[in-house]
$ cat my_file_3.cif   # mmCIF, C-alpha atoms
data_my_file
#
loop_
_atom_site.label_atom_id
_atom_site.label_comp_id
_atom_site.auth_asym_id
_atom_site.auth_seq_id
_atom_site.Cartn_x
_atom_site.Cartn_y
_atom_site.Cartn_z
CA MET A 96 56.76 -49.27 -7.62
CA LEU A 97 56.79 -51.81 -10.43
CA LYS A 98 56.26 -50.57 -13.97
CA VAL A 99 55.46 -52.36 -17.22
CA ASN A 100 59.02 -51.89 -18.51
CA ASN A 101 60.40 -53.45 -15.31
CA VAL A 102 58.26 -56.54 -15.90
CA VAL A 103 59.39 -56.71 -19.54
CA GLU A 104 63.06 -56.55 -18.55
CA LYS A 105 62.86 -58.96 -15.63
CA LEU A 106 60.74 -61.63 -17.35
CA GLY A 107 61.76 -61.26 -20.99
CA PHE A 108 58.59 -60.40 -22.91
CA GLU A 109 58.63 -59.21 -26.50
CA ILE A 110 57.07 -55.77 -26.96
CA LYS A 111 54.74 -55.98 -29.96
CA ILE A 112 53.10 -52.59 -29.40
CA LYS A 113 54.73 -50.04 -27.13
CA GLY A 114 52.14 -48.04 -25.23
CA ASP A 115 52.80 -46.41 -21.89
CA ILE A 116 55.46 -48.73 -20.52
CA GLU A 117 56.02 -46.43 -17.55
CA LYS A 118 52.56 -47.32 -16.29
CA GLU A 119 52.46 -48.83 -12.82
CA VAL A 120 51.58 -52.50 -12.47
CA THR A 121 49.11 -53.13 -9.66
CA GLY A 122 48.43 -56.80 -10.20
CA CYS A 123 47.54 -59.34 -12.84
CA TYR A 124 44.34 -60.70 -14.35
CA ILE A 125 43.96 -63.79 -16.51
CA SER A 126 40.96 -64.43 -18.73
CA ASP A 127 40.02 -65.18 -22.33
CA LEU A 128 36.41 -64.13 -21.74
CA LEU A 129 35.97 -60.41 -22.30
CA SER A 130 32.88 -60.26 -20.11
CA ASP A 131 34.94 -61.51 -17.15
CA VAL A 132 37.68 -58.96 -17.76
CA MET A 133 35.10 -56.19 -17.98
CA ALA A 134 33.51 -57.30 -14.72
CA LYS A 135 36.47 -58.19 -12.56
CA SER A 136 39.76 -56.69 -13.69
CA LYS A 137 41.24 -53.66 -11.94
CA ASP A 138 43.03 -50.55 -13.08
CA GLY A 139 46.75 -51.10 -13.61
CA GLU A 140 46.58 -54.87 -13.85
CA LEU A 141 48.50 -56.83 -16.46
CA TRP A 142 46.10 -58.92 -18.53
CA ILE A 143 47.19 -62.36 -19.74
CA THR A 144 45.13 -63.83 -22.57
CA LEU A 145 45.18 -66.02 -25.68
CA GLN A 146 42.71 -63.74 -27.47
CA THR A 147 44.22 -61.75 -30.34
CA HIS A 148 41.21 -59.98 -31.88
CA PRO A 149 40.69 -56.17 -31.83
CA ASN A 150 38.11 -56.17 -29.01
CA ILE A 151 40.88 -56.80 -26.47
CA VAL A 152 42.17 -53.27 -27.04
CA ALA A 153 38.82 -51.64 -26.27
CA VAL A 154 38.56 -53.67 -23.08
CA ALA A 155 42.11 -52.75 -22.06
CA VAL A 156 41.36 -49.05 -22.56
CA VAL A 157 38.14 -49.09 -20.57
CA LYS A 158 39.61 -51.08 -17.67
CA GLY A 159 42.95 -49.27 -17.48
CA ILE A 160 44.97 -52.43 -18.14
CA SER A 161 48.70 -51.68 -17.85
CA ALA A 162 49.66 -54.17 -20.60
CA ILE A 163 48.10 -57.08 -22.50
CA ILE A 164 50.26 -60.20 -22.54
CA ILE A 165 49.45 -62.66 -25.33
CA THR A 166 50.82 -66.11 -24.66
CA ASN A 167 51.64 -69.32 -26.59
CA ASN A 168 53.66 -67.40 -29.17
CA ARG A 169 50.57 -65.73 -30.64
CA ASP A 170 50.63 -62.43 -32.45
CA PRO A 171 47.94 -59.78 -32.18
CA GLU A 172 45.89 -59.55 -35.38
CA PRO A 173 46.91 -56.67 -37.68
CA GLU A 174 43.73 -54.77 -36.80
CA THR A 175 44.42 -55.33 -33.10
CA ALA A 176 47.98 -54.00 -33.44
CA LYS A 177 46.74 -50.90 -35.27
CA LYS A 178 44.11 -50.17 -32.62
CA ALA A 179 46.61 -50.66 -29.81
CA GLU A 180 48.96 -48.14 -31.43
CA THR A 181 46.18 -45.61 -31.75
CA GLU A 182 44.99 -46.15 -28.19
CA ASN A 183 48.50 -46.29 -26.70
CA ILE A 184 47.97 -49.78 -25.28
CA THR A 185 51.03 -51.96 -24.70
CA ILE A 186 50.83 -55.47 -26.12
CA LEU A 187 53.48 -57.97 -25.06
CA LYS A 188 54.11 -61.42 -26.47
CA THR A 189 55.61 -64.55 -24.98
CA GLU A 190 56.17 -68.07 -26.25
CA ARG A 191 55.41 -69.43 -22.78
CA THR A 192 52.03 -70.84 -21.83
CA THR A 193 49.50 -68.83 -19.83
CA PHE A 194 50.18 -71.01 -16.79
CA GLU A 195 53.95 -70.48 -16.87
CA THR A 196 53.56 -66.76 -17.52
CA ALA A 197 51.14 -66.47 -14.60
CA GLY A 198 53.50 -68.35 -12.33
CA MET A 199 56.45 -66.12 -13.16
CA ILE A 200 54.47 -62.91 -12.73
CA TYR A 201 53.00 -64.21 -9.47
CA THR A 202 56.51 -64.88 -8.14
CA LEU A 203 57.66 -61.43 -9.24
CA LEU A 204 54.69 -59.55 -7.77
CA LYS A 205 55.09 -61.40 -4.49
CA SER A 206 58.77 -60.49 -4.31
CA GLU A 207 57.86 -56.85 -4.95
CA ASN A 208 55.22 -56.98 -2.20
CA ILE A 209 52.47 -56.09 -4.63
CA LEU A 210 50.56 -59.26 -3.74
CA MET B 241 37.48 -106.21 -47.92
CA ASN B 242 33.95 -107.22 -47.01
CA VAL B 243 31.23 -104.66 -46.49
CA THR B 244 30.78 -106.08 -43.00
CA ASP B 245 34.32 -105.00 -42.14
CA ILE B 246 33.31 -101.36 -42.12
CA ILE B 247 31.60 -99.77 -39.14
CA GLU B 248 29.57 -96.71 -40.00
CA GLY B 249 27.56 -94.11 -38.19
CA CYS B 250 25.89 -90.79 -38.82
CA TYR B 251 24.85 -87.82 -36.70
CA GLN B 252 22.76 -84.71 -37.29
CA LEU B 253 24.36 -81.43 -36.29
CA MET B 254 22.39 -78.24 -35.68
CA GLU B 255 23.72 -74.70 -35.60
CA GLY B 256 23.84 -73.24 -32.11
CA ASP B 257 23.21 -76.61 -30.46
CA PHE B 258 26.00 -76.23 -27.89
CA THR B 259 24.22 -78.56 -25.52
CA ASN B 260 24.82 -81.56 -27.74
CA ALA B 261 28.07 -80.35 -29.26
CA GLY B 262 30.66 -83.05 -28.80
CA VAL B 263 28.25 -85.96 -28.37
CA ALA B 264 29.05 -87.37 -31.81
CA SER B 265 32.83 -87.10 -31.31
CA SER B 266 32.56 -88.56 -27.85
CA GLU B 267 30.66 -91.60 -29.13
CA LEU B 268 33.14 -92.10 -31.94
CA LYS B 269 35.94 -91.93 -29.39
CA SER B 270 34.23 -94.65 -27.30
CA ILE B 271 33.79 -96.88 -30.35
CA LEU B 272 37.44 -96.57 -31.38
CA THR B 273 38.61 -97.23 -27.82
CA LYS B 274 36.46 -100.37 -27.62
CA LEU B 275 37.90 -101.54 -30.96
CA GLY B 276 41.34 -101.42 -29.40
CA VAL B 277 42.69 -98.62 -31.56
CA PRO B 278 45.92 -97.18 -30.06
CA LEU B 279 45.04 -94.41 -27.62
CA ASP B 280 47.10 -91.69 -29.26
CA ILE B 281 45.26 -92.31 -32.54
CA VAL B 282 41.91 -92.28 -30.70
CA ARG B 283 42.83 -88.94 -29.13
CA ARG B 284 43.85 -87.34 -32.45
CA THR B 285 40.66 -88.58 -34.09
CA ALA B 286 38.48 -87.31 -31.26
CA ILE B 287 40.13 -83.89 -31.28
CA ALA B 288 39.80 -83.49 -35.05
CA ALA B 289 36.18 -84.69 -35.02
CA PHE B 290 35.26 -82.40 -32.14
CA GLU B 291 36.73 -79.34 -33.86
CA ALA B 292 34.89 -80.20 -37.07
CA GLU B 293 31.64 -80.74 -35.14
CA MET B 294 32.05 -77.33 -33.51
CA ASN B 295 32.65 -75.69 -36.89
CA VAL B 296 29.29 -76.97 -38.13
CA ILE B 297 27.54 -75.97 -34.90
CA ILE B 298 29.07 -72.49 -34.96
CA HIS B 299 28.85 -71.75 -38.69
CA GLY B 300 27.05 -74.51 -40.49
CA VAL B 301 23.30 -73.87 -40.09
CA ALA B 302 22.71 -77.64 -40.18
CA GLY B 303 24.82 -80.60 -41.19
CA THR B 304 25.86 -84.17 -40.68
CA MET B 305 28.86 -86.11 -39.47
CA HIS B 306 29.34 -89.49 -41.07
CA TYR B 307 32.11 -91.87 -40.06
CA ALA B 308 33.36 -95.10 -41.60
CA ILE B 309 35.84 -97.25 -39.71
CA SER B 310 37.73 -99.88 -41.68
CA GLU B 311 40.64 -102.06 -40.73
CA THR B 312 43.16 -99.46 -41.81
CA GLU B 313 41.55 -96.07 -41.32
CA VAL B 314 38.70 -93.98 -40.05
CA ARG B 315 37.19 -91.55 -42.50
CA ILE B 316 34.88 -88.83 -41.22
CA THR B 317 32.86 -86.58 -43.47
CA PHE B 318 31.19 -83.37 -42.31
CA THR B 319 28.66 -81.79 -44.62
CA ASP B 320 26.86 -78.57 -43.83
CA MET B 321 24.47 -76.04 -45.33
CA GLY B 322 26.32 -73.05 -43.94
CA PRO B 323 27.64 -69.97 -45.75
CA GLY B 324 30.69 -71.72 -47.19
CA ILE B 325 34.31 -70.69 -46.70
CA GLU B 326 35.30 -67.63 -48.69
CA ASN B 327 39.04 -68.10 -48.41
CA ILE B 328 40.18 -71.57 -47.40
CA GLU B 329 43.85 -70.62 -47.23
CA LEU B 330 43.05 -67.86 -44.75
CA ALA B 331 40.76 -70.15 -42.78
CA MET B 332 43.68 -72.56 -42.33
CA LYS B 333 45.72 -69.92 -40.50
CA GLU B 334 45.84 -70.20 -36.73
CA GLY B 335 43.95 -67.31 -35.17
CA TYR B 336 41.88 -66.40 -38.24
CA SER B 337 38.20 -66.57 -37.33
CA THR B 338 34.88 -65.50 -38.75
CA ALA B 339 32.99 -66.43 -35.60
CA PRO B 340 30.75 -63.77 -34.03
CA ASP B 341 31.70 -62.33 -30.62
CA TRP B 342 29.14 -64.27 -28.60
CA VAL B 343 30.78 -67.50 -29.68
CA ARG B 344 34.06 -66.29 -28.15
CA GLU B 345 32.30 -65.86 -24.84
CA MET B 346 31.26 -69.51 -25.09
CA GLY B 347 34.93 -70.54 -25.30
CA TRP B 348 35.14 -71.00 -29.06
CA GLY B 349 35.80 -68.93 -32.17
CA ALA B 350 39.51 -68.44 -31.65
CA GLY B 351 40.31 -69.53 -35.20
CA MET B 352 41.98 -72.80 -34.26
CA GLY B 353 39.49 -75.26 -35.72
CA LEU B 354 40.83 -76.05 -39.20
CA PRO B 355 44.52 -75.84 -38.21
CA ASN B 356 43.80 -78.19 -35.28
CA ILE B 357 42.05 -80.62 -37.61
CA LYS B 358 44.92 -80.61 -40.07
CA LYS B 359 47.44 -81.16 -37.30
CA ASN B 360 45.64 -84.26 -36.05
CA THR B 361 44.71 -86.00 -39.29
CA ASP B 362 46.58 -87.80 -42.07
CA GLU B 363 44.45 -86.41 -44.85
CA MET B 364 42.08 -83.48 -45.02
CA LYS B 365 39.95 -82.39 -47.96
CA ILE B 366 37.72 -79.31 -47.99
CA ASP B 367 35.15 -78.62 -50.63
CA SER B 368 33.41 -75.32 -50.09
CA ALA B 369 31.72 -72.56 -52.03
CA VAL B 370 30.22 -69.34 -50.74
CA GLY B 371 26.47 -69.75 -50.51
CA GLU B 372 26.66 -73.49 -51.03
CA GLY B 373 27.94 -74.99 -47.80
CA THR B 374 31.01 -77.02 -46.95
CA THR B 375 32.10 -80.65 -47.08
CA LEU B 376 35.08 -81.62 -44.98
CA GLU B 377 36.55 -85.10 -45.26
CA ILE B 378 39.23 -86.25 -42.83
CA THR B 379 41.14 -89.50 -42.71
CA ILE B 380 43.15 -90.94 -39.88
CA LYS B 381 45.23 -94.07 -40.41
CA LEU B 382 44.67 -96.68 -37.76
CA ARG B 383 47.98 -98.37 -38.34
CA LYS B 384 51.33 -96.75 -39.01
CA ASP B 385 51.94 -98.94 -42.05
CA ALA B 386 48.49 -98.57 -43.56
CA PRO B 387 48.27 -97.09 -47.04
CA CYS B 388 46.13 -93.99 -47.31
CA MET C 135 50.60 -83.80 -7.06
CA GLU C 136 47.42 -85.49 -5.88
CA ILE C 137 43.98 -84.00 -6.33
CA SER C 138 43.41 -83.78 -2.58
CA LYS C 139 46.52 -81.62 -2.16
CA ILE C 140 45.40 -79.33 -4.98
CA VAL C 141 41.98 -78.87 -3.37
CA GLU C 142 43.65 -78.03 -0.07
CA LEU C 143 46.11 -75.52 -1.59
CA LEU C 144 43.34 -73.66 -3.36
CA ASN C 145 40.98 -73.76 -0.40
CA GLY C 146 38.66 -75.41 -2.86
CA GLN C 147 35.77 -77.79 -2.95
CA LEU C 148 35.70 -81.20 -4.58
CA VAL C 149 32.44 -81.00 -6.54
CA VAL C 150 32.85 -84.26 -8.47
CA HIS C 151 35.39 -86.87 -7.52
CA GLY C 152 36.44 -88.99 -10.48
CA SER C 153 36.94 -92.70 -9.93
CA ASN C 154 40.71 -92.52 -10.49
CA LYS C 155 41.66 -91.67 -6.93
CA THR C 156 45.40 -91.89 -7.48
CA VAL C 157 45.77 -89.60 -10.48
CA GLU C 158 48.96 -87.56 -10.22
CA ILE C 159 48.91 -84.12 -11.77
CA GLU C 160 52.16 -82.74 -13.16
CA THR C 161 51.04 -80.23 -15.77
CA VAL C 162 48.48 -77.45 -15.88
CA CYS C 163 46.67 -75.77 -18.77
CA SER C 164 44.98 -72.44 -18.04
CA THR C 165 42.55 -71.17 -20.65
CA ASP C 166 38.91 -70.32 -21.31
CA LEU C 167 39.17 -71.23 -24.99
CA MET C 168 38.32 -74.85 -25.73
CA SER C 169 40.15 -75.00 -29.04
CA ASP C 170 43.32 -74.12 -27.19
CA VAL C 171 42.71 -76.98 -24.81
CA LEU C 172 42.48 -79.26 -27.85
CA ARG C 173 45.59 -77.71 -29.37
CA PHE C 174 47.93 -77.46 -26.39
CA ALA C 175 46.78 -79.56 -23.45
CA THR C 176 48.53 -82.89 -23.07
CA LYS C 177 46.92 -86.05 -21.74
CA GLY C 178 46.67 -86.03 -17.95
CA THR C 179 46.81 -82.25 -17.64
CA LEU C 180 44.80 -80.29 -15.12
CA LEU C 181 42.60 -77.63 -16.72
CA VAL C 182 42.10 -74.30 -14.96
CA THR C 183 39.21 -72.33 -16.41
CA ALA C 184 36.48 -69.79 -15.71
CA LEU C 185 34.24 -71.05 -18.51
CA ASN C 186 31.37 -72.62 -16.61
CA GLN C 187 29.74 -74.38 -19.54
CA ALA C 188 29.15 -78.09 -20.18
CA GLN C 189 31.51 -77.67 -23.14
CA VAL C 190 34.39 -77.70 -20.69
CA ILE C 191 33.58 -81.26 -19.64
CA ARG C 192 33.07 -82.41 -23.24
CA THR C 193 36.42 -80.90 -24.19
CA ALA C 194 38.10 -82.46 -21.15
CA GLU C 195 36.76 -85.85 -22.15
CA ILE C 196 37.99 -85.54 -25.74
CA ALA C 197 41.41 -84.28 -24.65
CA ASP C 198 41.91 -86.91 -21.90
CA ILE C 199 41.94 -84.32 -19.13
CA PRO C 200 41.27 -85.99 -15.78
CA ALA C 201 40.43 -82.90 -13.73
CA VAL C 202 39.06 -79.39 -14.14
CA ILE C 203 39.31 -76.46 -11.73
CA MET C 204 36.49 -73.93 -12.01
CA VAL C 205 37.79 -70.64 -10.64
CA MET C 206 36.38 -67.37 -9.31
CA GLY C 207 33.64 -69.14 -7.43
CA LYS C 208 31.75 -69.42 -10.70
CA ALA C 209 28.33 -71.02 -10.40
CA ILE C 210 28.40 -74.60 -11.56
CA GLU C 211 25.11 -75.66 -13.11
CA LYS C 212 23.66 -79.06 -12.39
CA GLU C 213 24.05 -80.02 -16.06
CA LEU C 214 27.82 -79.49 -15.79
CA THR C 215 28.13 -81.52 -12.59
CA GLU C 216 26.04 -84.36 -14.00
CA LEU C 217 28.11 -84.47 -17.15
CA ALA C 218 31.34 -84.55 -15.12
CA GLU C 219 29.98 -87.46 -13.11
CA LYS C 220 28.88 -89.28 -16.24
CA LYS C 221 32.24 -88.75 -17.94
CA ASP C 222 34.21 -89.51 -14.75
CA ILE C 223 36.01 -86.17 -14.70
CA THR C 224 37.08 -84.64 -11.39
CA LEU C 225 35.66 -81.17 -10.87
CA ILE C 226 37.11 -78.77 -8.30
CA SER C 227 35.70 -75.38 -7.44
CA THR C 228 37.68 -72.50 -5.94
CA ASN C 229 36.86 -68.87 -5.14
CA LEU C 230 40.36 -67.84 -6.13
CA PRO C 231 40.86 -66.05 -9.44
CA THR C 232 42.76 -67.72 -12.29
CA PHE C 233 45.94 -65.75 -11.61
CA THR C 234 46.22 -66.73 -7.95
CA THR C 235 45.26 -70.33 -8.72
CA CYS C 236 48.03 -70.60 -11.32
CA GLY C 237 50.52 -68.78 -9.09
CA ILE C 238 49.97 -71.14 -6.17
CA LEU C 239 50.22 -74.28 -8.30
CA TYR C 240 53.31 -72.94 -10.10
CA ALA C 241 54.98 -72.21 -6.75
CA GLU C 242 54.36 -75.85 -5.81
CA GLY C 243 56.26 -77.08 -8.84
CA LEU C 244 53.58 -77.84 -11.41
CA ILE C 245 54.49 -76.88 -14.98
CA GLY C 246 52.65 -75.86 -18.14
CA CYS C 247 52.05 -78.02 -21.23
CA LEU C 248 54.66 -77.72 -23.92
CA GLU C 249 53.60 -80.33 -26.48
CA GLY C 250 52.75 -79.00 -29.86
CA GLN C 251 54.43 -75.66 -29.38
#
$ encode --input "my_file_3.cif" --output "structure tokens"
Amino acid sequence: MLKVNNVVEKLGFEIKIKGDIEKEVTGCYISDLLSDVMAKSKDGELWITLQTHPNIVAVAVVKGISAIIITNNRDPEPETAKKAETENITILKTERTTFETAGMIYTLLKSENIL
Amino acid sequence: MNVTDIIEGCYQLMEGDFTNAGVASSELKSILTKLGVPLDIVRRTAIAAFEAEMNVIIHGVAGTMHYAISETEVRITFTDMGPGIENIELAMKEGYSTAPDWVREMGWGAGMGLPNIKKNTDEMKIDSAVGEGTTLEITIKLRKDAPC
Amino acid sequence: MEISKIVELLNGQLVVHGSNKTVEIETVCSTDLMSDVLRFATKGTLLVTALNQAQVIRTAEIADIPAVIMVMGKAIEKELTELAEKKDITLISTNLPTFTTCGILYAEGLIGCLEGQ
């Protein structure tokens, strides 16, 4: 079983907000459109996005996202960080692009037979 | 410099008009390309103009884009009747946005507009007051040695 | 990598074929936010997006992006296709989600855009 903290260690993400990092990772979803995430993402998926506003936390809670990964060296907004702390949602940060992050996670999930 | 040396144009911009958003910038890009302006300068100008166009269409109620191309520079002025910018310093920060949620679902409103404009232009002036609208003037040098 | 190979890898459909038949793609930008395309995408990059609006083509034109991949089998309106044809931008459609699309292209050696970061 692959957990959020395993992904953090193996791929080198910065933990901005530490939620439940023991949560199992079931896959990965990429989108900057909240309506798409609401419609298509699955419980336990990592969510890669460039969005940093507070609504991403609400979406993550509702959809059971295992961790939000914000790319391109972006920080969550202060309000977003506060909400994530309250809701126990993990927010990770990386200076890599969405494409590179996706590629590395894809390779990892394949090697773990999750994909 | 003679008056005939300057090429000018003007476009109307309407809030919410996403269908035509980008038409003005696209035409300006074509004009600059035809004039033989170096492609990297054309690209920077087009990006800055497009971002500024989107700002008016997202926030500005109604406005205009006016460009003037001389031998040494292109100057583009955006004027709108929108709500004005309350805190310009904050608006210049990447990620800071006052756009409503529905705009985010259209692919905009991520708070990159003004920082993107600044990054791609040689000079940027904003004149804005809450309740009175905004005027944005950007200048891009067409030659590396041109005075500003 | 050539467009035809990308279409094949993604089990995709070539909706609009731009006139530049020999364009070689080396970098990929994946985003649904157009300002980020303007900020981070370099000239000649392939854009992967789920935003099925005409804005995508306008942004691609401004940012010198030769080809766009519309993922998740998103419906592509006639207006979008016509604009892509008019602006000579290659448009590919795939049923794969963004994550799988990026993963496959990454595994084939394409890289992300780093300019401006």
$ interface_residues --input "my_file_3.cif" --of "chain C" --to "chain A" --cutoff "10 Å" --atoms "all atoms listed in the file" --output "CSV table (one decimal) with C-alpha atoms, in the frame of the given file"
chain,number,residue,atom,x,y,z
C,161,THR,CA,51.0,-80.2,-15.8
C,162,VAL,CA,48.5,-77.4,-15.9
C,163,CYS,CA,46.7,-75.8,-18.8
C,164,SER,CA,45.0,-72.4,-18.0
C,165,THR,CA,42.6,-71.2,-20.6
C,166,ASP,CA,38.9,-70.3,-21.3
C,167,LEU,CA,39.2,-71.2,-25.0
C,170,ASP,CA,43.3,-74.1,-27.2
C,174,PHE,CA,47.9,-77.5,-26.4
C,182,VAL,CA,42.1,-74.3,-15.0
C,183,THR,CA,39.2,-72.3,-16.4
C,184,ALA,CA,36.5,-69.8,-15.7
C,185,LEU,CA,34.2,-71.0,-18.5
C,206,MET,CA,36.4,-67.4,-9.3
C,231,PRO,CA,40.9,-66.0,-9.4
C,232,THR,CA,42.8,-67.7,-12.3
C,233,PHE,CA,45.9,-65.8,-11.6
C,234,THR,CA,46.2,-66.7,-8.0
C,235,THR,CA,45.3,-70.3,-8.7
C,236,CYS,CA,48.0,-70.6,-11.3
C,237,GLY,CA,50.5,-68.8,-9.1
C,238,ILE,CA,50.0,-71.1,-6.2
C,239,LEU,CA,50.2,-74.3,-8.3
C,240,TYR,CA,53.3,-72.9,-10.1
C,241,ALA,CA,55.0,-72.2,-6.8
C,242,GLU,CA,54.4,-75.8,-5.8
C,243,GLY,CA,56.3,-77.1,-8.8
C,244,LEU,CA,53.6,-77.8,-11.4
C,245,ILE,CA,54.5,-76.9,-15.0
C,246,GLY,CA,52.6,-75.9,-18.1
C,247,CYS,CA,52.0,-78.0,-21.2
C,248,LEU,CA,54.7,-77.7,-23.9
C,251,GLN,CA,54.4,-75.7,-29.4
$ resolve_selection --input "my_file_3.cif" --expression "the PyMOL selection byres ((chain C) within 8 of (chain B))" --output "PyMOL selection string"
chain C and resi 166-170+172-173+185+187-189+192-193+195-198
$ closest_residue --input "my_file_3.cif" --among "B:Ala292, B:Leu376, B:Val343, B:Ile297" --to "chain A" --atoms "all atoms listed in the file"
B:Val343
$ atom_distance --input "my_file_3.cif" --atom1 "CA of Ser368 in chain B" --atom2 "CA of Ile271 in chain B"
29.2 Å
$ residues_around --input "my_file_3.cif" --residues "Thr215 in chain C" --least-positions-apart "4" --cutoff "8 Å" --atoms "all atoms listed in the file" --output "ChimeraX atom specification"
/C:149-150,210-211,219,225
$ residues_around --input "my_file_3.cif" --residues "Asn150 in chain A" --least-positions-apart "6" --cutoff "12 Å" --atoms "only C-alpha atoms" --output "list in words"
Asp127, Leu128, Leu129, Ser130, Val132, Met133, Val156, Val157, Ile163, Pro171, Glu172, Glu174, Thr175, Ala176, Lys177, Lys178 and Ala179 of chain A; Pro340, Asp341 and Arg344 of chain B
$ write_last_selection --input "my_file_3.cif" --atoms "C-alpha atoms" --output "PDB file, in the coordinates of the input"
ATOM      1  CA  ASP A 127      40.020 -65.180 -22.330  1.00  0.00           C
ATOM      2  CA  LEU A 128      36.410 -64.130 -21.740  1.00  0.00           C
ATOM      3  CA  LEU A 129      35.970 -60.410 -22.300  1.00  0.00           C
ATOM      4  CA  SER A 130      32.880 -60.260 -20.110  1.00  0.00           C
ATOM      5  CA  VAL A 132      37.680 -58.960 -17.760  1.00  0.00           C
ATOM      6  CA  MET A 133      35.100 -56.190 -17.980  1.00  0.00           C
ATOM      7  CA  VAL A 156      41.360 -49.050 -22.560  1.00  0.00           C
ATOM      8  CA  VAL A 157      38.140 -49.090 -20.570  1.00  0.00           C
ATOM      9  CA  ILE A 163      48.100 -57.080 -22.500  1.00  0.00           C
ATOM     10  CA  PRO A 171      47.940 -59.780 -32.180  1.00  0.00           C
ATOM     11  CA  GLU A 172      45.890 -59.550 -35.380  1.00  0.00           C
ATOM     12  CA  GLU A 174      43.730 -54.770 -36.800  1.00  0.00           C
ATOM     13  CA  THR A 175      44.420 -55.330 -33.100  1.00  0.00           C
ATOM     14  CA  ALA A 176      47.980 -54.000 -33.440  1.00  0.00           C
ATOM     15  CA  LYS A 177      46.740 -50.900 -35.270  1.00  0.00           C
ATOM     16  CA  LYS A 178      44.110 -50.170 -32.620  1.00  0.00           C
ATOM     17  CA  ALA A 179      46.610 -50.660 -29.810  1.00  0.00           C
TER      18      ALA A 179
ATOM     19  CA  PRO B 340      30.750 -63.770 -34.030  1.00  0.00           C
ATOM     20  CA  ASP B 341      31.700 -62.330 -30.620  1.00  0.00           C
ATOM     21  CA  ARG B 344      34.060 -66.290 -28.150  1.00  0.00           C
TER      22      ARG B 344
END
$ axis_aligned_box --input "my_file_3.cif" --around "range 103-109 of chain A" --padding-each-side "8 Å" --output "AutoDock Vina command-line options"
--center_x 60.8 --center_y -59.1 --center_z -21.1 --size_x 20.5 --size_y 21.1 --size_z 26.9
